[in-house]
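Undergrad: One file: target-v3.txt (compact mmCIF, C-alpha atoms).
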```
# COMPACT_ATOMS: atom_id res chain seq x y z
CA MET A 1138 21.74 -11.47 -24.55
CA GLN A 1139 20.21 -14.79 -23.44
CA PHE A 1140 21.13 -16.59 -20.25
CA SER A 1141 20.86 -20.31 -19.74
CA ALA A 1142 18.54 -21.60 -17.04
CA GLU A 1143 21.56 -22.62 -14.98
CA ARG A 1144 23.09 -19.15 -15.17
CA ARG A 1145 19.77 -17.47 -14.33
CA GLU A 1146 19.50 -19.70 -11.28
CA ARG A 1147 23.05 -18.78 -10.21
CA ILE A 1148 22.24 -15.08 -10.57
CA ALA A 1149 19.00 -15.49 -8.59
CA ALA A 1150 20.80 -17.49 -5.89
CA GLY A 1151 23.51 -14.83 -5.66
CA TRP A 1152 20.91 -12.08 -5.34
CA ARG A 1153 19.06 -13.99 -2.61
CA ALA A 1154 22.34 -14.58 -0.76
CA PHE A 1155 23.12 -10.85 -0.97
CA LEU A 1156 19.71 -9.88 0.43
CA ASP A 1157 20.07 -12.45 3.23
CA ARG A 1158 23.30 -10.90 4.50
CA PRO A 1159 22.80 -9.44 8.01
CA ASP A 1160 24.37 -6.09 7.07
CA VAL A 1161 22.16 -5.76 3.97
CA LYS A 1162 19.03 -6.64 5.96
CA ARG A 1163 20.00 -4.08 8.59
CA ALA A 1164 20.66 -1.38 5.98
CA LEU A 1165 17.32 -2.02 4.26
CA LYS A 1166 15.46 -1.90 7.57
CA ILE A 1167 17.12 1.42 8.47
CA ALA A 1168 16.34 2.83 5.01
CA ARG A 1169 12.65 1.90 5.32
CA ARG A 1170 12.41 3.47 8.77
CA VAL A 1171 14.14 6.66 7.63
CA LEU A 1172 11.82 6.93 4.62
CA LEU A 1173 8.75 6.39 6.79
CA ALA A 1174 10.00 9.01 9.27
CA VAL A 1175 10.50 11.52 6.45
CA ILE A 1176 6.96 10.87 5.20
CA VAL A 1177 5.46 11.33 8.68
CA VAL A 1178 7.40 14.53 9.40
CA TYR A 1179 6.50 16.08 6.05
CA LEU A 1180 2.86 15.03 6.49
CA PHE A 1181 2.79 16.70 9.93
CA TYR A 1182 4.19 19.87 8.36
CA LYS A 1183 1.64 19.91 5.52
CA LEU A 1184 -1.31 19.43 7.88
CA SER A 1185 0.06 22.12 10.20
CA THR A 1186 0.02 24.62 7.34
CA VAL A 1187 -3.66 23.84 6.72
CA GLY A 1188 -4.58 24.04 10.41
CA TRP A 1189 -5.21 21.05 12.63
CA MET A 1190 -8.55 22.26 14.02
CA ASP A 1191 -9.80 23.10 10.53
CA VAL A 1192 -8.91 19.58 9.42
CA VAL A 1193 -10.62 17.97 12.42
CA ASN A 1194 -13.75 20.08 11.93
CA SER A 1195 -13.84 19.12 8.24
CA LEU A 1196 -13.88 15.33 8.65
CA PRO A 1197 -16.53 13.68 6.44
CA THR A 1198 -19.98 13.38 8.03
CA SER A 1199 -21.72 11.37 5.31
CA PRO A 1200 -22.20 7.71 6.32
CA TRP A 1201 -21.72 6.77 2.66
CA PHE A 1202 -18.06 7.78 2.94
CA TYR A 1203 -17.44 5.09 5.54
CA ILE A 1204 -19.58 2.46 3.80
CA ILE A 1205 -17.77 2.98 0.50
CA PHE A 1206 -14.42 2.94 2.32
CA ALA A 1207 -15.25 -0.53 3.71
CA LEU A 1208 -16.29 -1.79 0.27
CA ARG A 1209 -13.11 -0.46 -1.33
CA TYR A 1210 -10.96 -1.96 1.43
CA LEU A 1211 -12.50 -5.40 0.93
CA SER A 1212 -12.49 -5.27 -2.88
CA LEU A 1213 -8.89 -6.49 -3.16
CA PRO A 1214 -9.15 -9.67 -1.04
CA LEU A 1215 -12.63 -10.43 -2.39
CA THR A 1216 -11.34 -10.43 -5.98
CA GLU A 1217 -8.03 -12.16 -5.20
CA ILE A 1218 -9.79 -15.24 -3.83
CA PRO A 1219 -11.39 -16.31 -7.16
CA ALA A 1220 -8.07 -15.63 -8.92
CA TYR A 1221 -6.16 -17.98 -6.62
CA GLU A 1222 -8.99 -20.51 -6.66
CA LEU A 1223 -8.59 -20.62 -10.42
CA VAL A 1224 -4.82 -21.13 -10.23
CA TRP A 1225 -4.72 -23.64 -7.36
CA ARG A 1226 -8.02 -25.39 -8.24
CA ARG A 1227 -9.39 -25.45 -4.70
CA PRO A 1228 -11.94 -23.47 -2.66
CA LEU A 1229 -10.32 -20.67 -0.67
CA TRP A 1230 -13.20 -18.62 0.75
CA ARG A 1231 -12.75 -20.13 4.22
CA HIS A 1232 -9.22 -18.65 4.17
CA PHE A 1233 -10.58 -15.13 3.61
CA THR A 1234 -8.71 -13.72 6.63
CA ALA A 1235 -5.36 -14.81 5.13
CA PHE A 1236 -6.11 -12.63 2.09
CA ILE A 1237 -6.98 -9.78 4.46
CA ARG A 1238 -3.61 -10.15 6.19
CA LYS A 1239 -1.88 -10.15 2.80
CA ARG A 1240 -3.49 -6.77 2.06
CA VAL A 1241 -2.48 -5.38 5.46
CA TYR A 1242 1.16 -6.34 4.87
CA ASN A 1243 1.25 -4.72 1.43
CA PHE A 1244 -0.36 -1.42 2.41
CA ALA A 1245 0.65 -0.94 6.06
CA VAL A 1246 4.07 -2.62 6.24
CA MET A 1247 5.79 -2.57 2.84
CA GLY A 1248 4.90 -3.20 -0.78
CA TYR A 1249 5.19 -6.89 -1.77
CA SER A 1250 5.67 -8.01 1.85
CA GLY A 1251 2.14 -9.42 1.54
CA GLU A 1252 3.28 -11.80 -1.19
CA ALA A 1253 6.10 -13.05 1.05
CA PHE A 1254 3.66 -13.71 3.91
CA PHE A 1255 1.11 -15.29 1.58
CA THR A 1256 3.65 -17.69 0.10
CA LEU A 1257 4.76 -18.88 3.55
CA TRP A 1258 1.16 -19.17 4.73
CA ALA A 1259 0.13 -21.19 1.66
CA ARG A 1260 3.00 -23.65 2.21
CA ARG A 1261 1.77 -24.27 5.77
CA ALA A 1262 -1.99 -24.20 5.24
CA LEU A 1263 -2.68 -25.61 1.78
CA ALA A 1264 -2.10 -29.04 0.31
CA VAL A 1265 -0.40 -27.53 -2.73
CA SER A 1266 3.13 -28.23 -3.96
CA ASP A 1267 5.82 -25.60 -3.48
CA ARG A 1268 6.14 -25.26 -7.24
CA ASP A 1269 2.43 -24.57 -7.73
CA ILE A 1270 2.42 -22.11 -4.83
CA LEU A 1271 5.34 -20.13 -6.22
CA ILE A 1272 3.92 -20.16 -9.75
CA GLY A 1273 0.51 -19.09 -8.49
CA VAL A 1274 1.82 -16.17 -6.44
CA LYS A 1275 4.36 -15.07 -9.08
CA ASP A 1276 2.09 -15.27 -12.11
CA ASN A 1277 -0.90 -13.76 -10.32
CA ASN A 1278 1.28 -10.89 -9.17
CA ILE A 1279 2.72 -10.31 -12.65
CA LEU A 1280 -0.72 -10.26 -14.27
CA SER A 1281 -2.14 -8.07 -11.50
CA ALA A 1282 0.72 -5.60 -11.99
CA LEU A 1283 0.22 -5.69 -15.76
CA VAL A 1284 -3.50 -4.92 -15.49
CA SER A 1285 -2.90 -2.23 -12.85
CA ASN A 1286 -0.27 -0.56 -15.02
CA VAL A 1287 -2.53 -0.61 -18.08
CA ALA A 1288 -5.44 0.78 -16.04
CA THR A 1289 -3.18 3.55 -14.74
CA VAL A 1290 -2.08 4.49 -18.26
CA ILE A 1291 -5.68 4.50 -19.54
CA LEU A 1292 -6.76 6.76 -16.67
CA ILE A 1293 -3.85 9.14 -17.30
CA VAL A 1294 -4.71 9.28 -21.01
CA VAL A 1295 -8.37 10.05 -20.17
CA LEU A 1296 -7.26 12.86 -17.85
CA ALA A 1297 -4.90 14.26 -20.49
CA ALA A 1298 -7.53 14.05 -23.25
CA SER A 1299 -10.04 15.91 -21.09
CA ASP A 1300 -7.44 18.59 -20.27
CA ASN A 1301 -7.45 17.71 -16.55
CA LEU A 1302 -3.92 16.33 -16.20
CA LYS A 1303 -1.74 19.43 -16.48
CA ASN A 1304 -3.11 21.20 -13.39
CA GLY A 1305 -2.48 18.10 -11.30
CA LEU A 1306 1.06 17.70 -12.59
CA ASP A 1307 1.78 21.38 -11.91
CA ALA A 1308 0.44 21.10 -8.34
CA LEU A 1309 2.55 18.10 -7.30
CA PRO A 1310 6.37 18.43 -7.44
CA GLY A 1311 8.01 15.51 -9.21
CA SER A 1312 4.73 14.20 -10.57
CA VAL A 1313 5.89 14.44 -14.19
CA VAL A 1314 8.67 11.96 -13.40
CA LEU A 1315 6.31 9.67 -11.47
CA PHE A 1316 3.68 9.60 -14.20
CA SER A 1317 6.33 9.14 -16.91
CA LEU A 1318 7.71 6.16 -15.00
CA ALA A 1319 4.18 4.75 -14.80
CA PHE A 1320 4.02 4.82 -18.60
CA LEU A 1321 7.47 3.27 -18.91
CA SER A 1322 6.64 0.57 -16.38
CA ALA A 1323 3.38 -0.30 -18.12
CA PHE A 1324 4.89 -0.63 -21.57
CA SER A 1325 7.99 -2.46 -20.30
CA LEU A 1326 5.97 -5.04 -18.38
CA ALA A 1327 3.51 -5.49 -21.26
CA ALA A 1328 6.39 -6.00 -23.70
CA ALA A 1329 8.08 -8.48 -21.36
CA VAL A 1330 4.89 -10.53 -20.95
CA ILE A 1331 4.25 -10.56 -24.71
CA VAL A 1332 7.82 -11.37 -25.78
CA PHE A 1333 8.83 -13.71 -22.95
CA ARG A 1334 5.42 -15.09 -22.03
CA ASN A 1335 6.49 -18.73 -22.13
CA LYS A 1336 9.55 -18.00 -19.99
CA ILE A 1337 7.97 -15.88 -17.23
CA ILE A 1338 4.36 -17.13 -17.16
CA HIS A 1339 3.86 -20.81 -16.35
CA LEU A 1340 0.07 -21.02 -16.13
CA PRO A 1341 -1.91 -23.65 -18.07
CA ASP A 1342 -3.24 -22.66 -21.50
CA GLY A 1343 -6.38 -20.55 -21.36
CA MET A 1344 -5.95 -19.48 -17.74
CA MET A 1345 -4.14 -16.18 -18.34
CA PRO A 1346 -7.08 -14.44 -20.11
CA ARG A 1347 -9.42 -15.46 -17.28
CA LEU A 1348 -7.04 -14.07 -14.66
CA ILE A 1349 -6.63 -10.84 -16.64
CA LEU A 1350 -10.43 -10.54 -16.73
CA ILE A 1351 -10.63 -10.95 -12.93
CA HIS A 1352 -7.89 -8.41 -12.29
CA GLY A 1353 -9.42 -6.03 -14.84
CA ALA A 1354 -12.82 -6.21 -13.15
CA ARG A 1355 -11.11 -5.52 -9.82
CA MET A 1356 -9.35 -2.43 -11.18
CA VAL A 1357 -12.59 -1.00 -12.60
CA LEU A 1358 -14.32 -1.64 -9.26
CA ILE A 1359 -11.53 -0.01 -7.25
CA ILE A 1360 -11.36 3.07 -9.50
CA VAL A 1361 -15.14 3.54 -9.33
CA LEU A 1362 -15.25 3.06 -5.55
CA HIS A 1363 -12.27 5.37 -4.98
CA ALA A 1364 -13.80 8.22 -6.99
CA THR A 1365 -17.22 7.63 -5.41
CA LEU A 1366 -15.62 7.73 -1.96
CA TYR A 1367 -14.44 11.30 -2.54
CA MET A 1368 -17.69 12.36 -4.22
CA SER A 1369 -19.65 11.15 -1.19
CA ALA A 1370 -17.58 13.42 1.06
CA LEU A 1371 -17.46 16.48 -1.23
CA PRO A 1372 -20.23 16.09 -3.83
CA GLY A 1373 -19.73 19.57 -5.26
CA ALA A 1374 -16.33 18.84 -6.82
CA PRO A 1375 -16.01 17.68 -10.46
CA LEU A 1376 -15.45 13.98 -11.11
CA MET A 1377 -12.27 14.56 -13.12
CA SER A 1378 -10.60 16.18 -10.12
CA TRP A 1379 -11.16 13.05 -8.07
CA LEU A 1380 -9.93 10.85 -10.92
CA MET A 1381 -6.65 12.77 -10.71
CA PHE A 1382 -6.39 11.69 -7.07
CA VAL A 1383 -7.17 8.10 -8.07
CA ALA A 1384 -4.50 8.23 -10.78
CA LEU A 1385 -1.96 9.46 -8.24
CA GLN A 1386 -2.80 6.60 -5.88
CA LEU A 1387 -2.41 4.07 -8.70
CA VAL A 1388 0.95 5.54 -9.72
CA LEU A 1389 2.26 5.47 -6.14
CA SER A 1390 1.02 1.91 -5.63
CA ARG A 1391 3.30 0.74 -8.44
CA ILE A 1392 6.42 1.85 -6.53
CA PRO A 1393 7.88 -1.32 -4.97
CA PHE A 1394 8.96 -1.77 -1.34
CA VAL A 1395 7.44 1.53 -0.11
CA PRO A 1396 6.65 1.55 3.64
CA ASN A 1397 3.01 2.39 4.39
CA GLN A 1398 1.47 3.32 1.04
CA ASP A 1399 -1.54 4.97 2.68
CA LEU A 1400 0.55 7.63 4.43
CA LEU A 1401 2.61 8.21 1.30
CA PHE A 1402 -0.55 8.79 -0.74
CA LEU A 1403 -1.98 11.16 1.89
CA THR A 1404 1.21 13.21 1.87
CA ALA A 1405 1.28 13.46 -1.93
CA ALA A 1406 -2.48 13.96 -2.35
CA LEU A 1407 -2.48 17.06 -0.13
CA HIS A 1408 -0.59 18.82 -2.92
CA LEU A 1409 -3.54 18.26 -5.27
CA ALA A 1410 -5.99 20.21 -3.08
CA PRO A 1411 -5.67 23.41 -5.19
CA ILE A 1412 -7.05 21.68 -8.31
CA VAL A 1413 -10.36 20.95 -6.54
CA ASP A 1414 -12.88 23.75 -6.19
CA GLN A 1415 -13.38 23.04 -2.49
CA PRO A 1416 -11.92 24.42 0.79
CA GLU A 1417 -8.43 23.04 1.40
CA ALA A 1418 -9.34 22.09 4.98
CA ALA A 1419 -12.29 20.01 3.73
CA ILE A 1420 -10.07 18.11 1.30
CA ALA A 1421 -7.42 17.59 3.99
CA GLY A 1422 -10.09 16.37 6.41
CA MET A 1423 -11.37 13.87 3.87
CA LEU A 1424 -7.87 12.57 3.10
CA VAL A 1425 -6.95 12.38 6.80
CA ALA A 1426 -10.16 10.44 7.51
CA GLU A 1427 -9.32 8.02 4.70
CA ALA A 1428 -5.73 7.50 5.86
CA GLY A 1429 -6.71 7.37 9.53
CA LEU A 1430 -9.35 4.73 8.87
CA SER A 1431 -6.83 2.73 6.87
CA GLN A 1432 -4.32 2.81 9.71
CA LEU A 1433 -6.92 1.84 12.33
CA VAL A 1434 -8.39 -0.97 10.24
CA ASN A 1435 -4.94 -2.26 9.27
CA PHE A 1436 -3.82 -2.18 12.91
CA GLY A 1437 -6.91 -4.03 14.11
CA LEU A 1438 -6.88 -6.64 11.36
CA PHE A 1439 -3.15 -7.22 11.74
CA PHE A 1440 -3.77 -8.51 15.26
CA ALA A 1441 -7.09 -10.16 14.39
CA THR A 1442 -5.36 -12.29 11.74
CA ALA A 1443 -2.20 -12.98 13.77
CA HIS A 1444 -2.99 -16.70 13.87
CA HIS A 1445 -2.00 -16.92 10.20
CA ALA A 1446 1.56 -15.90 11.08
CA ARG A 1447 2.12 -18.73 13.53
CA ASP A 1448 4.41 -21.55 12.54
CA GLY A 1449 2.81 -24.89 11.96
CA GLU A 1450 3.41 -28.21 10.30
CA ARG A 1451 3.31 -28.29 6.53
CA VAL A 1452 0.20 -29.91 5.04
CA PRO A 1453 1.60 -32.79 2.95
CA SER A 1454 -1.54 -33.85 1.12
CA GLY A 1455 -5.27 -34.21 1.38
CA GLU A 1456 -7.44 -31.55 2.96
CA ASP A 1457 -6.23 -28.02 3.63
CA LYS A 1458 -5.95 -26.77 7.18
CA ALA A 1459 -9.10 -25.17 8.52
```
For this file, write the structure as C-alpha cells.

TA:
Amino acid sequence: MQFSAERRERIAAGWRAFLDRPDVKRALKIARRVLLAVIVVYLFYKLSTVGWMDVVNSLPTSPWFYIIFALRYLSLPLTEIPAYELVWRRPLWRHFTAFIRKRVYNFAVMGYSGEAFFTLWARRALAVSDRDILIGVKDNNILSALVSNVATVILIVVLAASDNLKNGLDALPGSVVLFSLAFLSAFSLAAAVIVFRNKIIHLPDGMMPRLILIHGARMVLIIVLHATLYMSALPGAPLMSWLMFVALQLVLSRIPFVPNQDLLFLTAALHLAPIVDQPEAAIAGMLVAEAGLSQLVNFGLFFATAHHARDGERVPSGEDKA
C-alpha cells in the first residue's frame, strides 16, 4: 500500500500530536523511570550474589584499561564530526563539545534523545537551513543504524561459525529473542534503504557511500577497542569470549528509547561471566569499572557541556556561532 505525501504528513502530524499530549508525556516519563529502577534493582541483586568486596577488590589495575576506555568513549564523536561536515559542508571541529553532549544524551539519558538535542542545537548554532539540518540528522542516523546493524549481524555470524555463540545464548535469558530481533532489524532496515532509497534518503548523489565508509570505519574501531578493553583487564581470556560481550552491547544499543544503555549492558553482561574462563568477581569488577567510569564521565561532561543547552537566537546566515 502506498501513501501520498499529504497523507504521510497527516499521519506524522497526528503521531507528533499524540506524543505531545501531556498525559502521554507523563506516561512515557513514568515508564522510563520504572524501567530504569528495575534495571538498578536487578543490577544490585546480581552484584550482591557475586559479593561486593570481591568486586571492589577485582577492579582493573592496568592503566591500559582506562586509556582504551577513553579512546573508545571519544571514538563516536570523533567519527561523527567528519560525517556531519560532509553533509552540511562546513567545518565542525570547533563544535566538538556539542557532539560529546549528543553522546551523553544517547547513552546516559535515553536512546535517540541525543539526536533531539543535536537538532535543536544545530538550529541555534549553525547557519544551516532547517531542511538541511533535519535531512542531515535523519539520513546520518539511518545510515549509522544500517551500518551498526550489519556489523552486529557479521559479528554474530562470526561467533556462530566459530562455535562461540551457543554458550553465550544459553547463559543469558532471552538472548535468543534479542539476537533474532537484531537479524530482523538489520535485514528490514537494509531492505527499506534499498527499496525506498529515494523516498527516505535525501542526500546528494555520491554522498551515501562516503558516509557508509565513515560509519563502517567507526564500527570496526569501536569493536576493536571494546574487545581490547576487556583483554587489557583480563588478558588470559580468549578473544571470542570478549567478542560475545561486544555483540551483546551492539544488540542492546539497537533497542530504541532505552534509559541508560550502560547500566542495561552491565546488567545483561553479568550473565555472560560463566562463558569466560576467569573468576566471576574479576569479570564483575571489570564490568563495574567500565559502567562506573561511563556514569562518572557522562555526569561530568553533561555539566561541562551545559552551555550547549541554553536557548539563544537562531543564526540566520553567515558564520556559525563560536

Undergrad: Taking all atoms listed in the file into account, name the residue in A:Val1330, A:Ala1428, A:Leu1211, A:Ile1204 that is nearest to Leu1366 of chain A.

TA: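 Of the candidates, the smallest distance to Leu1366 of chain A is held by A:Ile1204.
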
Undergrad: What's around Leu1302 of chain A at 8 Å? Count all atoms listed in the file, leave out sequence neighbours fewer than 4 positions away in its own chain, and write the answer as a list in words.

TA: Ile1293, Leu1296, Ala1297, Leu1306 and Met1381 of chain A

Undergrad: Rounded to one decimal in Å, what is the spacing between atom CA of Val1383 of chain A and atom CA of Leu1309 of chain A?

TA: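 Those two atoms sit 14.0 Å apart.
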
Undergrad: Mind checking which residues fall within 9 Å of Phe1316 of chain A, counting all atoms listed in the file, ignoring those fewer than 5 positions away in the same chain, and posting them as number ranges by chain?

TA: A: 1290, 1293, 1306, 1311, 1321, 1384-1385, 1388

Undergrad: Pick the closest to Ala1220 of chain A from A:Met1247, A:Met1344, A:Leu1407, A:Ile1337: which is it, counting all atoms listed in the file?

TA: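 Of A:Met1247, A:Met1344, A:Leu1407, A:Ile1337, the one nearest Ala1220 of chain A, counting all atoms listed in the file, is A:Met1344.
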
Undergrad: Could you work out how far atom CA of Gln1398 of chain A lies from atom CA of Ala1164 of chain A, giving the answer in Å with one decimal?

TA: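 Interatomic distance here is 20.4 Å.
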
Undergrad: Could you work out how far atom CA of Ser1212 of chain A lies from atom CA of Val1246 of chain A, giving the answer in Å with one decimal?

TA: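 Those two atoms sit 19.1 Å apart.
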
Undergrad: Starting from the point (-12.2, 21.5, -6.3), work out which residues of protein, DNA or RNA have an atom no more than 8 Å away when counting all atoms listed in the file; state them as JSON, numbers by chain.

TA: {"A": [1373, 1374, 1375, 1378, 1410, 1411, 1412, 1413, 1414, 1415, 1416]}

Undergrad: Excluding Phe1255 of chain A and any residue of its chain fewer than 4 positions from it, enumerate the residues within 10 Å of it, using all atoms listed in the file, and give them as a VMD selection string.

TA: chain A and resid 1235 to 1236 1238 to 1240 1242 1249 to 1251 1259 to 1261 1270 1274 1445 to 1446

Undergrad: Have a look at A:Ala1441, A:Ala1323, A:Leu1348, A:Ile1420 and name the one nearest to Phe1382 of chain A; count all atoms listed in the file.

TA: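 Among the listed residues, A:Ile1420 lies closest to Phe1382 of chain A.
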
Undergrad: Between A:Val1313, A:Asp1160, A:Ala1262, A:Leu1208, which has the minimum distance to Arg1231 of chain A (counting only C-alpha atoms)?

TA: A:Ala1262

Undergrad: Give the answer as one residue: which of A:Asn1301, A:Gly1422, A:Phe1320, A:Gln1432 has the shortest atom-to-atom distance to Leu1376 of chain A, using all atoms listed in the file?

TA: A:Asn1301

Undergrad: Centre and edge lengths of an axis-aligned box around all listed atoms of segment 1334-1351 of chain A, with 8 Å added on each side, are to be given in Å to one decimal, as lines of an AutoDock Vina configuration file.

TA:
```
center_x = -0.5
center_y = -17.1
center_z = -17.5
size_x = 36.2
size_y = 29.1
size_z = 25.2
```

Undergrad: Closest to Phe1202 of chain A among A:Glu1217, A:Glu1252, A:Glu1427, A:Asp1267, using all atoms listed in the file?

TA: A:Glu1427

Undergrad: Give me the residues near Leu1430 of chain A as a PyMOL selection string, where near means some atom within 10 Å (using only C-alpha atoms) and where sequence neighbours in that chain fewer than 3 positions away do not count.

TA: chain A and resi 1203+1206-1207+1399+1424-1427+1433-1436

Undergrad: Skipping near chain neighbours, those fewer than 3 positions away, what residues fall within 9 Å of Val1224 of chain A using all atoms listed in the file, listed as a list of chain:residue names?

TA: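 The neighbour list is A:Pro1219, A:Ala1220, A:Tyr1221, A:Arg1227, A:Asp1269, A:Ile1272, A:Gly1273, A:Asn1277, A:Leu1340, A:Pro1341, A:Met1344, A:Leu1348.
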